[in-house]
Amino acid sequence: MTRFAALRPALAATRAVGERELIAVVRSRTYWLLTAGVGVVVASVAAAGSGVDTGYVPTVVDLLVPTEVLVPAVAFAVGYRVIADDDRRGTLTVLETYPVPSSAYVLGVYLGRLAAVLAAVSIPLILVGGYVAASAGPASPVFATHGGVDSPALYGRFLGSTALLAAAALAVALAASAVSGSRRRALVAGLLGLVAVVAGGDLGLLAAVNAGVVGSDTLSSVLAASPTSAYRGLVFETVVAVAVERSPGAVAVGPAVAGLVGWTLFSLLVATVAVSRR
Amino acid sequence: MTDTRLHADEVNRTFGDVAALTAVNLDVPAAAVTALVGPNGSGKTTLLRLLAGLDEPTAGTVAYHGPAATREVGYLPQRPSFRPGFTVAETLGFYARLVDDDPDRLVERVGLSAAADRRIEALSGGMTRLVGVAQSLAGSPPVVVLDEPGSGLDPEATARVFDVVERLAADGRTVVISSHDLALVERTADCVAVLDGGELVAHDSPAGLRASWGGPLVETVVDHVDGITTTPADEDTTAQASITGTDTTREADQ
């Protein structure tokens, strides 16, 4: 009880910061252009493939690769400069005179921006899912998930996995923003972080496999260390595996979730330490 | 004897090989305006940041001797800037929420009620500075530290900001400001601390400085700071005052 009472000011600060961030993003014209852009890309990819006329799993297969790039890109666009800008304006200095721990500030920024990122990404995907339901979904509203049955629940898992990727990518973006001292550096750090999230992990793992550092027996676990590999593995295991047999070396669900959550927590820790040291 | 709210004891602050402050002893009296004056690079902002608890001395201590408060020291940076896209009321509402304060009280305190619904980015420099002053008052901190509250403003806006500063001290708040406007300092401040080259070369009331330096501050301070040949008559600038309430001390890392 006493511990909770001690946490109340920090929780109130997190909520205040989070609401401010969400309002700031939602009031930004850039955010709505970004959301519209995501909608156009998702709709175009879905229309170009044949998945939407077939079912949820084929639609997920169509959307998977574009989503791997699109979601981190949106997360970085929404988060790459927010902490750097607060630092430039002197807001971080002023907040030091308030009873606001660095962790409460970072968490507030994260949660507020995450809500905006999830809305930008999930609304177009939900609309596509709605289209599948209307045009190609199972005749009966089956929510079974065992092998061979396509269902909205599988599409829900795809959305959940995508939310985990968005959460990890945004956390990396905030860490990049926190460690950079200016808007320009924040842009560079954000782009480097984006490349690292989208391709860096996979390329690093490829190099490690080629060098013989990573063997086939450990590949499954090591793949989870790359955000996009973890995401891809998660989608394959929880959605696509319904139609396709699990291939050896695929990332297991546990390590994949742990990988994405680990990236999220580690990045938020980096951001918190960077803010507290300013 | 006047209560002391902040006490700097033999404070040194270095940045690499550069000594920004050297052996500064300063008592900041309660319910009064203390002004730090001196040329650029004299250590005013460094000392203000130390007094506000935003930095730690390399050696020596800075102690807060005031009542327990959610927020002990409010701070106005030299160039306050706020998140665009928000109104004055929303901006102050954010800071007020952090300390359970009433944003309307803050808006009224600095006379910005008529502009409460205006966007921050649409305000003049003077009004933005007043929003910054209002922010520094969120949570009713016993001490308010304002870094050059009048810099870059036209005379009318500067006078308006200093009027607010005077009212704060009249209401019992301890105010520390830095300023280059010696005429306004002479009119507003109860105590003046003159810094030069990181050293405190004088600390007295404006009247005391006038008496010791033989003329208005506007005419004498710069001369004395440039020449640094005259020692003020009152050398007891670091006298201990009676101390009550909560003590918070920031000292150099050992």
# chains A, B, ... in the order shown; residues from 1 in each chain; ligands from 1

call {"tool": "closest_atom_pairs", "arguments": {"of": "chain A", "to": "chain B", "cutoff": "10 Å", "atoms": "only C-alpha atoms", "output": "CSV"}}
result
residue,atom,partner,partner_atom,distance
A:Pro9,CA,B:Leu98,CA,7.6
A:Ala10,CA,B:Leu98,CA,8.8
A:Leu11,CA,B:Leu98,CA,10.0
A:Ala12,CA,B:Leu98,CA,7.0
A:Ala13,CA,B:Leu98,CA,5.5
A:Thr14,CA,B:Leu98,CA,9.1
A:Arg15,CA,B:Leu98,CA,9.5
A:Ala16,CA,B:Phe94,CA,6.5
A:Val17,CA,B:Phe94,CA,7.7
A:Glu19,CA,B:Phe94,CA,9.2
A:Arg20,CA,B:Phe94,CA,7.4
A:Glu21,CA,B:Arg83,CA,9.8
A:Ile23,CA,B:Phe86,CA,8.9
A:Ala24,CA,B:Gly85,CA,6.8
A:Val25,CA,B:Gly85,CA,9.6
A:Arg27,CA,B:Gly85,CA,7.1
A:Ser28,CA,B:Gly85,CA,8.0
A:Asp85,CA,B:Arg83,CA,8.7
A:Asp86,CA,B:Arg83,CA,7.8
A:Arg88,CA,B:Ser81,CA,8.7
A:Arg89,CA,B:Ser81,CA,5.1
A:Gly90,CA,B:Ser81,CA,6.8
A:Thr91,CA,B:Phe82,CA,7.3
A:Thr93,CA,B:Leu54,CA,7.2
A:Val94,CA,B:Tyr75,CA,6.4
A:Leu95,CA,B:Tyr95,CA,8.7
A:Glu96,CA,B:Leu54,CA,6.9
A:Thr97,CA,B:Gly74,CA,6.3
A:Tyr98,CA,B:Arg71,CA,5.8
A:Pro99,CA,B:Arg71,CA,6.7
A:Val100,CA,B:Leu98,CA,7.4
A:Arg278,CA,B:Leu54,CA,9.8

call {"tool": "write_last_selection", "arguments": {"atoms": "C-alpha atoms", "output": "short mmCIF file (atom, residue, chain, number, x, y, z; two decimals), in the first residue's frame"}}
result
data_model
loop_
_atom_site.label_atom_id
_atom_site.label_comp_id
_atom_site.auth_asym_id
_atom_site.auth_seq_id
_atom_site.Cartn_x
_atom_site.Cartn_y
_atom_site.Cartn_z
CA PRO A 9 3.10 10.62 -8.45
CA ALA A 10 5.22 8.75 -11.00
CA LEU A 11 2.14 7.06 -12.46
CA ALA A 12 0.33 10.40 -12.62
CA ALA A 13 3.34 11.91 -14.38
CA THR A 14 3.46 9.01 -16.84
CA ARG A 15 -0.20 9.51 -17.61
CA ALA A 16 0.18 13.28 -18.05
CA VAL A 17 3.19 12.86 -20.36
CA GLU A 19 -1.67 12.06 -22.89
CA ARG A 20 0.36 15.06 -24.02
CA GLU A 21 2.28 12.91 -26.49
CA ILE A 23 -2.52 14.73 -28.32
CA ALA A 24 0.63 16.16 -29.92
CA VAL A 25 0.80 13.35 -32.47
CA ARG A 27 -2.83 17.09 -33.86
CA SER A 28 0.04 16.74 -36.28
CA ASP A 85 13.19 17.93 -29.31
CA ASP A 86 12.20 18.01 -25.64
CA ARG A 88 16.43 21.07 -27.34
CA ARG A 89 13.49 23.05 -25.95
CA GLY A 90 14.80 22.72 -22.40
CA THR A 91 11.78 20.67 -21.36
CA THR A 93 15.84 20.47 -17.82
CA VAL A 94 12.62 21.99 -16.56
CA LEU A 95 11.17 18.56 -15.76
CA GLU A 96 14.17 17.92 -13.50
CA THR A 97 12.67 20.44 -11.11
CA TYR A 98 9.43 18.43 -10.97
CA PRO A 99 8.89 15.16 -9.12
CA VAL A 100 9.03 13.29 -12.42
CA ARG A 278 21.37 14.86 -19.40
#

call {"tool": "residues_around", "arguments": {"residues": "Val82 of chain A", "least_positions_apart": "2", "cutoff": "10 Å", "atoms": "only C-alpha atoms", "output": "list of chain:residue names"}}
result
A:Glu21, A:Ala77, A:Val78, A:Gly79, A:Tyr80, A:Ala84, A:Asp85, A:Asp86, A:Asp87, A:Arg88, A:Val109, A:Tyr110, A:Arg113, A:Ala173, A:Leu174, A:Ser177, A:Ala178, A:Arg183, A:Ala186

call {"tool": "write_last_selection", "arguments": {"atoms": "C-alpha atoms", "output": "PDB file, in the first residue's frame"}}
result
ATOM      1  CA  GLU A  21       2.282  12.914 -26.489  1.00  0.00           C
ATOM      2  CA  ALA A  77       8.750   8.509 -38.009  1.00  0.00           C
ATOM      3  CA  VAL A  78       6.593   8.986 -34.913  1.00  0.00           C
ATOM      4  CA  GLY A  79       9.355   8.617 -32.344  1.00  0.00           C
ATOM      5  CA  TYR A  80      12.784   9.485 -33.710  1.00  0.00           C
ATOM      6  CA  ALA A  84      15.706  15.123 -28.743  1.00  0.00           C
ATOM      7  CA  ASP A  85      13.187  17.932 -29.313  1.00  0.00           C
ATOM      8  CA  ASP A  86      12.200  18.014 -25.643  1.00  0.00           C
ATOM      9  CA  ASP A  87      15.893  18.277 -24.811  1.00  0.00           C
ATOM     10  CA  ARG A  88      16.429  21.075 -27.342  1.00  0.00           C
ATOM     11  CA  VAL A 109       6.364   9.353 -24.072  1.00  0.00           C
ATOM     12  CA  TYR A 110       6.488   5.711 -25.110  1.00  0.00           C
ATOM     13  CA  ARG A 113       3.418   7.520 -29.022  1.00  0.00           C
ATOM     14  CA  ALA A 173      13.430   4.896 -31.971  1.00  0.00           C
ATOM     15  CA  LEU A 174      13.039   6.554 -28.565  1.00  0.00           C
ATOM     16  CA  SER A 177      16.216   9.981 -29.902  1.00  0.00           C
ATOM     17  CA  ALA A 178      17.372  10.040 -26.290  1.00  0.00           C
ATOM     18  CA  ARG A 183      17.497  16.987 -34.227  1.00  0.00           C
ATOM     19  CA  ALA A 186      18.297  12.213 -33.928  1.00  0.00           C
TER      20      ALA A 186
END

call {"tool": "residues_around", "arguments": {"residues": "segment 254-270 of chain A", "least_positions_apart": "5", "cutoff": "12 Å", "atoms": "only C-alpha atoms", "output": "PyMOL selection string"}}
result
chain A and resi 102-111+114+160-180+193+196-197+201+218-238+275-277

call {"tool": "write_last_selection", "arguments": {"atoms": "C-alpha atoms", "output": "PDB file, in the first residue's frame"}}
result
ATOM      1  CA  SER A 102      13.210   9.895 -15.951  1.00  0.00           C
ATOM      2  CA  SER A 103      11.575   6.479 -16.195  1.00  0.00           C
ATOM      3  CA  ALA A 104       8.095   8.016 -15.787  1.00  0.00           C
ATOM      4  CA  TYR A 105       8.841  10.555 -18.513  1.00  0.00           C
ATOM      5  CA  VAL A 106      10.212   7.958 -20.947  1.00  0.00           C
ATOM      6  CA  LEU A 107       7.354   5.561 -20.248  1.00  0.00           C
ATOM      7  CA  GLY A 108       4.814   8.329 -20.761  1.00  0.00           C
ATOM      8  CA  VAL A 109       6.364   9.353 -24.072  1.00  0.00           C
ATOM      9  CA  TYR A 110       6.488   5.711 -25.110  1.00  0.00           C
ATOM     10  CA  LEU A 111       2.908   4.842 -24.236  1.00  0.00           C
ATOM     11  CA  LEU A 114       2.745   3.768 -29.051  1.00  0.00           C
ATOM     12  CA  GLY A 160      -0.938  -8.924 -32.160  1.00  0.00           C
ATOM     13  CA  SER A 161       2.437  -9.905 -33.576  1.00  0.00           C
ATOM     14  CA  THR A 162       2.526  -6.680 -35.569  1.00  0.00           C
ATOM     15  CA  ALA A 163       1.777  -4.720 -32.392  1.00  0.00           C
ATOM     16  CA  LEU A 164       4.776  -6.380 -30.710  1.00  0.00           C
ATOM     17  CA  LEU A 165       7.015  -5.377 -33.620  1.00  0.00           C
ATOM     18  CA  ALA A 166       5.681  -1.812 -33.465  1.00  0.00           C
ATOM     19  CA  ALA A 167       6.330  -1.694 -29.715  1.00  0.00           C
ATOM     20  CA  ALA A 168       9.922  -2.850 -30.155  1.00  0.00           C
ATOM     21  CA  ALA A 169      10.628  -0.537 -33.097  1.00  0.00           C
ATOM     22  CA  LEU A 170       9.215   2.499 -31.263  1.00  0.00           C
ATOM     23  CA  ALA A 171      11.303   1.733 -28.193  1.00  0.00           C
ATOM     24  CA  VAL A 172      14.442   1.580 -30.360  1.00  0.00           C
ATOM     25  CA  ALA A 173      13.430   4.896 -31.971  1.00  0.00           C
ATOM     26  CA  LEU A 174      13.039   6.554 -28.565  1.00  0.00           C
ATOM     27  CA  ALA A 175      16.410   5.212 -27.445  1.00  0.00           C
ATOM     28  CA  ALA A 176      17.980   6.684 -30.588  1.00  0.00           C
ATOM     29  CA  SER A 177      16.216   9.981 -29.902  1.00  0.00           C
ATOM     30  CA  ALA A 178      17.372  10.040 -26.290  1.00  0.00           C
ATOM     31  CA  VAL A 179      21.037   9.378 -27.005  1.00  0.00           C
ATOM     32  CA  SER A 180      21.278  11.959 -29.792  1.00  0.00           C
ATOM     33  CA  GLY A 193      18.054   2.339 -35.797  1.00  0.00           C
ATOM     34  CA  ALA A 196      19.217  -2.031 -37.720  1.00  0.00           C
ATOM     35  CA  VAL A 197      15.687  -3.124 -36.880  1.00  0.00           C
ATOM     36  CA  GLY A 201      19.721  -8.072 -37.345  1.00  0.00           C
ATOM     37  CA  THR A 218      21.104 -22.745 -32.313  1.00  0.00           C
ATOM     38  CA  LEU A 219      19.742 -20.842 -35.302  1.00  0.00           C
ATOM     39  CA  SER A 220      16.163 -20.957 -34.068  1.00  0.00           C
ATOM     40  CA  SER A 221      17.039 -19.239 -30.798  1.00  0.00           C
ATOM     41  CA  VAL A 222      19.494 -16.773 -32.277  1.00  0.00           C
ATOM     42  CA  LEU A 223      17.012 -15.657 -34.936  1.00  0.00           C
ATOM     43  CA  ALA A 224      14.827 -14.336 -32.131  1.00  0.00           C
ATOM     44  CA  ALA A 225      17.499 -11.726 -31.407  1.00  0.00           C
ATOM     45  CA  SER A 226      16.637  -9.929 -34.657  1.00  0.00           C
ATOM     46  CA  PRO A 227      13.356  -7.984 -34.364  1.00  0.00           C
ATOM     47  CA  THR A 228      12.182  -8.711 -37.888  1.00  0.00           C
ATOM     48  CA  SER A 229      13.206 -12.381 -37.680  1.00  0.00           C
ATOM     49  CA  ALA A 230      11.402 -12.687 -34.384  1.00  0.00           C
ATOM     50  CA  TYR A 231       8.321 -11.040 -35.881  1.00  0.00           C
ATOM     51  CA  ARG A 232       8.463 -13.181 -38.999  1.00  0.00           C
ATOM     52  CA  GLY A 233       8.900 -16.301 -36.897  1.00  0.00           C
ATOM     53  CA  LEU A 234       6.019 -15.326 -34.665  1.00  0.00           C
ATOM     54  CA  VAL A 235       3.695 -14.816 -37.632  1.00  0.00           C
ATOM     55  CA  PHE A 236       4.815 -18.056 -39.254  1.00  0.00           C
ATOM     56  CA  GLU A 237       4.367 -20.039 -36.070  1.00  0.00           C
ATOM     57  CA  THR A 238       1.051 -18.582 -34.948  1.00  0.00           C
ATOM     58  CA  VAL A 275      17.503  11.099 -20.221  1.00  0.00           C
ATOM     59  CA  SER A 276      18.611  10.853 -16.592  1.00  0.00           C
ATOM     60  CA  ARG A 277      22.219  11.663 -17.552  1.00  0.00           C
TER      61      ARG A 277
END

call {"tool": "residues_around", "arguments": {"residues": "Val61 of chain A", "least_positions_apart": "3", "cutoff": "12 Å", "atoms": "only C-alpha atoms", "output": "PyMOL selection string"}}
result
chain A and resi 45-46+49-52+54-58+64-68+154-155+158+232+235-236+239-244

call {"tool": "write_last_selection", "arguments": {"atoms": "N, CA and C atoms", "output": "short mmCIF file (atom, residue, chain, number, x, y, z; two decimals), in the first residue's frame"}}
result
data_model
loop_
_atom_site.label_atom_id
_atom_site.label_comp_id
_atom_site.auth_asym_id
_atom_site.auth_seq_id
_atom_site.Cartn_x
_atom_site.Cartn_y
_atom_site.Cartn_z
N VAL A 45 -0.98 -3.33 -51.53
CA VAL A 45 -0.35 -4.67 -51.44
C VAL A 45 -1.43 -5.74 -51.38
N ALA A 46 -2.47 -5.47 -50.59
CA ALA A 46 -3.55 -6.46 -50.47
C ALA A 46 -4.26 -6.65 -51.81
N GLY A 49 -2.11 -8.66 -54.35
CA GLY A 49 -2.07 -10.10 -54.11
C GLY A 49 -3.46 -10.70 -54.26
N SER A 50 -3.51 -12.01 -54.16
CA SER A 50 -4.82 -12.67 -54.30
C SER A 50 -5.37 -13.10 -52.94
N GLY A 51 -4.62 -12.77 -51.87
CA GLY A 51 -4.98 -13.24 -50.54
C GLY A 51 -6.34 -12.79 -50.05
N VAL A 52 -6.68 -11.52 -50.31
CA VAL A 52 -7.93 -11.00 -49.77
C VAL A 52 -9.16 -11.71 -50.33
N THR A 54 -9.10 -14.90 -50.93
CA THR A 54 -8.96 -16.31 -50.56
C THR A 54 -9.19 -16.56 -49.07
N GLY A 55 -8.60 -15.73 -48.24
CA GLY A 55 -8.78 -15.95 -46.80
C GLY A 55 -7.79 -15.14 -45.98
N TYR A 56 -7.86 -15.33 -44.67
CA TYR A 56 -7.03 -14.54 -43.77
C TYR A 56 -5.54 -14.90 -43.89
N VAL A 57 -5.25 -16.20 -43.89
CA VAL A 57 -3.84 -16.62 -43.93
C VAL A 57 -3.17 -16.16 -45.21
N PRO A 58 -3.78 -16.36 -46.38
CA PRO A 58 -3.15 -15.84 -47.61
C PRO A 58 -2.96 -14.32 -47.56
N LEU A 64 2.88 -9.73 -45.04
CA LEU A 64 3.96 -9.91 -44.05
C LEU A 64 5.22 -9.10 -44.37
N VAL A 65 5.75 -9.27 -45.58
CA VAL A 65 7.01 -8.59 -45.89
C VAL A 65 6.85 -7.06 -45.90
N PRO A 66 5.81 -6.52 -46.55
CA PRO A 66 5.66 -5.05 -46.48
C PRO A 66 5.51 -4.55 -45.03
N THR A 67 4.81 -5.33 -44.22
CA THR A 67 4.60 -4.91 -42.84
C THR A 67 5.91 -4.87 -42.06
N GLU A 68 6.81 -5.81 -42.37
CA GLU A 68 8.11 -5.84 -41.70
C GLU A 68 8.86 -4.52 -41.87
N LEU A 154 -6.79 -16.05 -36.46
CA LEU A 154 -5.42 -16.07 -37.01
C LEU A 154 -5.01 -14.66 -37.44
N TYR A 155 -5.96 -13.96 -38.02
CA TYR A 155 -5.66 -12.58 -38.43
C TYR A 155 -5.43 -11.71 -37.18
N PHE A 158 -1.98 -12.16 -36.13
CA PHE A 158 -1.10 -11.36 -36.99
C PHE A 158 -1.07 -9.91 -36.48
N ARG A 232 8.78 -12.25 -37.91
CA ARG A 232 8.46 -13.18 -39.00
C ARG A 232 8.20 -14.58 -38.43
N VAL A 235 4.82 -14.75 -36.69
CA VAL A 235 3.69 -14.82 -37.63
C VAL A 235 3.63 -16.20 -38.28
N PHE A 236 4.79 -16.72 -38.65
CA PHE A 236 4.82 -18.06 -39.25
C PHE A 236 4.27 -19.10 -38.28
N VAL A 239 0.38 -18.09 -37.23
CA VAL A 239 -0.63 -17.83 -38.26
C VAL A 239 -0.43 -18.75 -39.47
N VAL A 240 0.73 -18.64 -40.11
CA VAL A 240 0.94 -19.35 -41.37
C VAL A 240 1.07 -20.85 -41.17
N ALA A 241 1.57 -21.27 -40.00
CA ALA A 241 1.77 -22.70 -39.73
C ALA A 241 0.47 -23.49 -39.83
N VAL A 242 -0.65 -22.79 -39.81
CA VAL A 242 -1.95 -23.45 -39.98
C VAL A 242 -1.99 -24.13 -41.35
N ALA A 243 -1.41 -23.46 -42.35
CA ALA A 243 -1.48 -23.98 -43.71
C ALA A 243 -0.19 -24.65 -44.15
N VAL A 244 0.91 -24.27 -43.53
CA VAL A 244 2.21 -24.80 -43.96
C VAL A 244 2.88 -25.47 -42.77
#

call {"tool": "residues_around", "arguments": {"residues": "Ala30 of chain B", "least_positions_apart": "6", "cutoff": "9 Å", "atoms": "only C-alpha atoms", "output": "VMD selection string"}}
result
chain B and resid 2 to 6 66 142 to 143 169 172 to 175

call {"tool": "atom_distance", "arguments": {"atom1": "atom CA of Ala202 of chain B", "atom2": "atom CA of Gly38 of chain B"}}
result
10.4 Å

call {"tool": "atom_distance", "arguments": {"atom1": "atom CA of Val26 of chain A", "atom2": "atom CA of Ala116 of chain A"}}
result
7.2 Å
